[in-house]
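In what follows, a structure is listed as structure tokens, so that the remarks can point back to it.
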Protein chains: 2
Amino acid sequence: MADYSLYCFVQSGNAYKAALMLRLTGRDWQPVWVDFFNGGTRTPQYRAINEMGEVPVLVDHGEGDLTLSQSGVILHHLADRTGRFGPQTGAEQREVLRWMLWDNHKLTSYIATYRFLRKFAGKEGAPETEFMKGRALAALKLFEGHMAGRDWVAADRPTIADISCCGYLFWPADFGADWHDYPGIAAWLDRIRTLDDWAPPEALLPSGPIA
Amino acid sequence: MADYSLYCFVQSGNAYKAALMLRLTGRDWQPVWVDFFNGGTRTPQYRAINEMGEVPVLVDHGEGDLTLSQSGVILHHLADRTGRFGPQTGAEQREVLRWMLWDNHKLTSYIATYRFLRKFAGKEGAPETEFMKGRALAALKLFEGHMAGRDWVAADRPTIADISCCGYLFWPADFGADWHDYPGIAAWLDRIRTLDDWAPPEALLPSGPIA
């Protein structure tokens, strides 16, 4: 058995955050596919694993099957366990958490919801979709302002804040973004791509039952 | 001068989270009113204070005017400074962060947006408003399931996770909730009201310029 199991599916950028961290830190892990689009996160069995009804869920077999949900908790846990990509001072701790909270509340939340409505729910152009599009674009604009002229989100090196914020951003076509309009974000995503062992969501996460 | 300044306005449940923590821990603090409804968080001056363009912002004058944004960062900082309402073990740390992230991503985010559209933007019944209503109700239902049969959100005592999750919940009429339908949440809110020195948002936050 691997050291970690990750409940996930390939369309989830939140699951990708955890998978990318496992990959970048060279962990021995196995995916457990969740059939989200057929209600896989709504079953009583899944709710017993995570009452929040979400992926990702990480099971750390080396710590007595410690079961963690919320990508931000998983990223902090793996940073502690591996000594990699974590904040190292009080100031860095605050800055990393600040951007991870903003990512959860705005960047990821708005983009993921807009993408879901547009790509998976067949609601392109509907009023609720346009509303989420406006919020997603505002978040991207703010993030571009932050990334212009700096290399990494929250420190002078890549941290779990970068891994959190990039969760959905390797799918720009899904939410109609052209990175030429966001040069700061584009350059930062290129920097992430050059991290040792980086891989895109499709290379890390399953799209169906695992043989 | 007070020990802390808090940029805030009375309609913000996120600002209330910080104000309530300051109140419950007996801090000496002063509010700085932000004219949100007339673009007060969008000015270059305000963006220089917080590039995220949000309240709350806490300035800790006792730490060289350390300036913090994101309610979750502010709550953690005040818990560290006061030794109150913080997690005390690794497991509590994870559980507190887990619920604060969920609150930021779902409970507060969906309720605040739904309330904004319904109460302040005059869009009651619009498709985007109904969409956010559905998400808000789903978050409340999940939270009721969590609170039924337990006293506090993330530990056997009140923590900053409780202070975070209750941010918008003293305004049920604004988002059309009847707490009789949510007995677990109702009992928990009553528990919060009985904490020493508890006060509602209107008693802590300014609604206009401060004389």
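Identifiers in the structure tokens: chain A, B, ... in order shown; residue index from 1 per chain; ligand index from 1 in order shown.
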
Quiz item: Counting only C-alpha atoms, what is within 12 Å of segment 49-54 of chain A, bar same-chain residues fewer than 3 positions away, as a ChimeraX atom specification?
Solution: /A:6-9,12-15,34-36,39-46,57-59,65-71 /B:98-99,101-103,105-107,138-147

Practice problem: List the neighbours of Val153 of chain B out to 10 Å using only C-alpha atoms; skip same-chain residues closer than 4 positions along the sequence, and give me the result as a list of chain:residue names. | Solution: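 The residues satisfying every condition are B:Glu95, B:Val96, B:Trp99, B:Met100, B:Phe143, B:His146, B:Met147, B:Arg157, B:Pro158, B:Thr159, B:Ile160, B:Ala161, B:Asp162, B:Ile163, B:Ser164, B:Cys165, B:Trp188.
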
Practice problem: Counting only C-alpha atoms, figure out which residue out of B:Glu202, B:Asp156, B:Glu128, B:Glu63 gets nearest to chain A. | Solution: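 When distances to chain A are compared using only C-alpha atoms, the smallest one comes from B:Glu128.
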
Exercise. Tell me which of A:Gly167, A:Gly62, A:Gly134, A:Gly184 sits closest to Trp152 of chain A, counting only C-alpha atoms.
Key: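 Residue with the minimum atom-to-atom distance to Trp152 of chain A: A:Gly184.
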
Self-check item: Who sits within 9 Å of Pro200 of chain A, only C-alpha atoms, same chain under 2 positions skipped, as a list in words
Solution: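 Counting only C-alpha atoms, the residues come to Tyr16, Leu20, Phe170, Arg193, Trp198, Glu202, Ala203, Leu204 and Leu205 of chain A.
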
Can you write just those residues out, C-alpha atoms, as a short mmCIF file (atom, residue, chain, number, x, y, z; two decimals), in the first residue's frame?
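Writing the result to part.cif gives the following:
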data_model
loop_
_atom_site.label_atom_id
_atom_site.label_comp_id
_atom_site.auth_asym_id
_atom_site.auth_seq_id
_atom_site.Cartn_x
_atom_site.Cartn_y
_atom_site.Cartn_z
CA TYR A 16 -5.08 18.87 -8.04
CA LEU A 20 0.56 18.45 -7.08
CA PHE A 170 -3.95 25.25 -16.04
CA ARG A 193 5.72 24.33 -14.72
CA TRP A 198 5.65 19.28 -12.03
CA GLU A 202 -4.51 15.05 -16.28
CA ALA A 203 -1.19 13.32 -15.53
CA LEU A 204 -1.89 13.02 -11.81
CA LEU A 205 -5.60 12.47 -11.31
#

Exercise. Measuring atom to atom with only C-alpha atoms, identify which of B:Arg27, B:His76, B:Arg84, B:Arg150 is nearest to chain A.
Key: B:His76

Quiz prompt | Nearest-residue call for chain A, choices B:Leu97, B:Ala121, B:Ala79, B:Val32, using only C-alpha atoms | solution = B:Leu97

Practice problem: Please provide the set of residues having any atom within 9 Å of Ala112 of chain B, restricted to only C-alpha atoms, with same-chain residues fewer than 2 positions apart removed, written as a list in words. | Solution: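 The residues that qualify are Ser12, Gly13, Leu107, Thr108, Ser109, Tyr110, Tyr114, Arg115, Phe116, Leu117, Ala136, Tyr168 and Phe175 of chain B.
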
Selection from above, C-alpha atoms, as an mmCIF file, in the first residue's frame, can you write it?
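File written: selection_15.cif
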data_model
loop_
_atom_site.group_PDB
_atom_site.id
_atom_site.type_symbol
_atom_site.label_atom_id
_atom_site.label_comp_id
_atom_site.auth_asym_id
_atom_site.auth_seq_id
_atom_site.Cartn_x
_atom_site.Cartn_y
_atom_site.Cartn_z
ATOM 1 C CA SER B 12 -19.797 43.332 7.008
ATOM 2 C CA GLY B 13 -20.002 40.023 8.800
ATOM 3 C CA LEU B 107 -20.889 29.330 4.518
ATOM 4 C CA THR B 108 -19.865 32.981 4.695
ATOM 5 C CA SER B 109 -19.174 33.335 0.990
ATOM 6 C CA TYR B 110 -22.544 32.076 -0.200
ATOM 7 C CA TYR B 114 -26.910 36.027 -1.390
ATOM 8 C CA ARG B 115 -27.616 38.655 1.269
ATOM 9 C CA PHE B 116 -25.842 41.324 -0.769
ATOM 10 C CA LEU B 117 -27.879 40.585 -3.903
ATOM 11 C CA ALA B 136 -26.404 29.259 0.819
ATOM 12 C CA TYR B 168 -23.265 36.593 9.182
ATOM 13 C CA PHE B 175 -31.087 35.889 4.013
#

Exercise. Please provide the set of residues having any atom within 10 Å of Ala187 of chain B, restricted to only C-alpha atoms, with same-chain residues fewer than 5 positions apart removed, written as a ChimeraX atom specification.
Key: /B:147-151,179-180,182,192-193

Please produce a file of the residues just selected, as a CSV table (one decimal), in the first residue's frame, where the atoms kept are N, CA and C atoms.
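Produced file out-v5.csv, reproduced below:
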chain,number,residue,atom,x,y,z
B,147,MET,N,-23.6,20.8,13.5
B,147,MET,CA,-23.8,21.4,14.8
B,147,MET,C,-24.8,20.6,15.6
B,148,ALA,N,-25.7,19.8,15.0
B,148,ALA,CA,-26.6,19.0,15.7
B,148,ALA,C,-25.9,18.0,16.6
B,149,GLY,N,-26.1,18.1,17.9
B,149,GLY,CA,-25.5,17.2,18.8
B,149,GLY,C,-24.1,17.6,19.3
B,150,ARG,N,-23.6,18.8,18.9
B,150,ARG,CA,-22.4,19.2,19.5
B,150,ARG,C,-22.5,20.7,19.9
B,151,ASP,N,-21.6,21.1,20.8
B,151,ASP,CA,-21.7,22.4,21.4
B,151,ASP,C,-21.0,23.5,20.6
B,179,TRP,N,-34.4,30.2,12.1
B,179,TRP,CA,-33.6,29.3,12.9
B,179,TRP,C,-34.4,28.1,13.5
B,180,HIS,N,-35.8,28.2,13.5
B,180,HIS,CA,-36.5,27.1,14.0
B,180,HIS,C,-36.3,25.9,13.1
B,182,TYR,N,-33.4,25.1,12.0
B,182,TYR,CA,-32.0,24.7,12.2
B,182,TYR,C,-31.7,24.7,13.7
B,192,ILE,N,-23.2,31.2,21.9
B,192,ILE,CA,-22.3,32.3,21.6
B,192,ILE,C,-22.8,33.6,22.3
B,193,ARG,N,-24.1,33.8,22.2
B,193,ARG,CA,-24.6,35.0,22.8
B,193,ARG,C,-24.3,35.1,24.3

Quiz prompt | Nearest candidate to Val10 of chain B (options B:Ala211, B:Asp196, B:Pro201, B:Asp174; using only C-alpha atoms) | solution = B:Pro201

Exercise. List every residue of segment 38-196 of chain A that DSSP, applied to the backbone, labels as helix (DSSP H, G or I), and write the result as a count of residues only.
Key: 98

Exercise. Using only C-alpha atoms, pick whichever of B:Gly125, B:Pro31, B:Gly83, B:Gly26 has the shortest atom-to-atom distance to chain A.
Key: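 Closest to chain A of all the choices is B:Gly125.
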
Practice problem: Using DSSP on the backbone coordinates, identify all residues within segment 29-80 of chain A classified as strand (DSSP E); present the result as a PyMOL selection string. | Solution: chain A and resi 29-33+57-60+66-69

Can I get the selection written as a PDB file, in the first residue's frame, with N, CA and C atoms?
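part_34.pdb, freshly written:
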ATOM      1  N   TRP A  29       1.998   7.864  -3.179  1.00  0.00           N
ATOM      2  CA  TRP A  29       0.560   8.023  -2.946  1.00  0.00           C
ATOM      3  C   TRP A  29      -0.251   7.348  -4.036  1.00  0.00           C
ATOM      4  N   GLN A  30      -1.499   7.043  -3.678  1.00  0.00           N
ATOM      5  CA  GLN A  30      -2.394   6.429  -4.659  1.00  0.00           C
ATOM      6  C   GLN A  30      -3.704   7.211  -4.705  1.00  0.00           C
ATOM      7  N   PRO A  31      -4.237   7.403  -5.915  1.00  0.00           N
ATOM      8  CA  PRO A  31      -5.525   8.074  -6.025  1.00  0.00           C
ATOM      9  C   PRO A  31      -6.680   7.105  -5.769  1.00  0.00           C
ATOM     10  N   VAL A  32      -7.744   7.643  -5.174  1.00  0.00           N
ATOM     11  CA  VAL A  32      -9.010   6.900  -5.058  1.00  0.00           C
ATOM     12  C   VAL A  32     -10.041   7.731  -5.810  1.00  0.00           C
ATOM     13  N   TRP A  33     -10.530   7.210  -6.923  1.00  0.00           N
ATOM     14  CA  TRP A  33     -11.421   7.990  -7.766  1.00  0.00           C
ATOM     15  C   TRP A  33     -12.799   8.156  -7.127  1.00  0.00           C
ATOM     16  N   VAL A  57      -9.804  14.503  -0.185  1.00  0.00           N
ATOM     17  CA  VAL A  57      -9.581  13.969   1.155  1.00  0.00           C
ATOM     18  C   VAL A  57      -8.267  13.195   1.094  1.00  0.00           C
ATOM     19  N   LEU A  58      -7.387  13.488   2.027  1.00  0.00           N
ATOM     20  CA  LEU A  58      -6.104  12.784   2.098  1.00  0.00           C
ATOM     21  C   LEU A  58      -6.100  11.871   3.312  1.00  0.00           C
ATOM     22  N   VAL A  59      -5.715  10.619   3.093  1.00  0.00           N
ATOM     23  CA  VAL A  59      -5.524   9.700   4.211  1.00  0.00           C
ATOM     24  C   VAL A  59      -4.021   9.450   4.346  1.00  0.00           C
ATOM     25  N   ASP A  60      -3.488   9.796   5.515  1.00  0.00           N
ATOM     26  CA  ASP A  60      -2.060   9.642   5.783  1.00  0.00           C
ATOM     27  C   ASP A  60      -1.884   8.323   6.542  1.00  0.00           C
ATOM     28  N   LEU A  66      -4.713   8.976   9.457  1.00  0.00           N
ATOM     29  CA  LEU A  66      -5.203  10.340   9.690  1.00  0.00           C
ATOM     30  C   LEU A  66      -5.899  10.834   8.427  1.00  0.00           C
ATOM     31  N   THR A  67      -7.146  11.261   8.556  1.00  0.00           N
ATOM     32  CA  THR A  67      -7.964  11.626   7.405  1.00  0.00           C
ATOM     33  C   THR A  67      -8.220  13.124   7.415  1.00  0.00           C
ATOM     34  N   LEU A  68      -7.789  13.801   6.348  1.00  0.00           N
ATOM     35  CA  LEU A  68      -7.842  15.262   6.298  1.00  0.00           C
ATOM     36  C   LEU A  68      -8.658  15.729   5.110  1.00  0.00           C
ATOM     37  N   SER A  69      -9.482  16.749   5.329  1.00  0.00           N
ATOM     38  CA  SER A  69     -10.140  17.402   4.202  1.00  0.00           C
ATOM     39  C   SER A  69      -9.840  18.888   4.233  1.00  0.00           C
TER      40      SER A  69
END

Quiz item: atom CA of Asp197 of chain B to atom CA of Pro56 of chain B: how many Å, to one decimal?
Solution: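 We find that atom CA of Asp197 of chain B and atom CA of Pro56 of chain B lie 20.7 Å from each other.
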
Exercise. State, in Å with one decimal place, the distance from atom CA of Ala186 of chain B to atom CA of Asn104 of chain A.
Key: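 Answer for the atom CA of Ala186 of chain B to atom CA of Asn104 of chain A separation: 26.6 Å.
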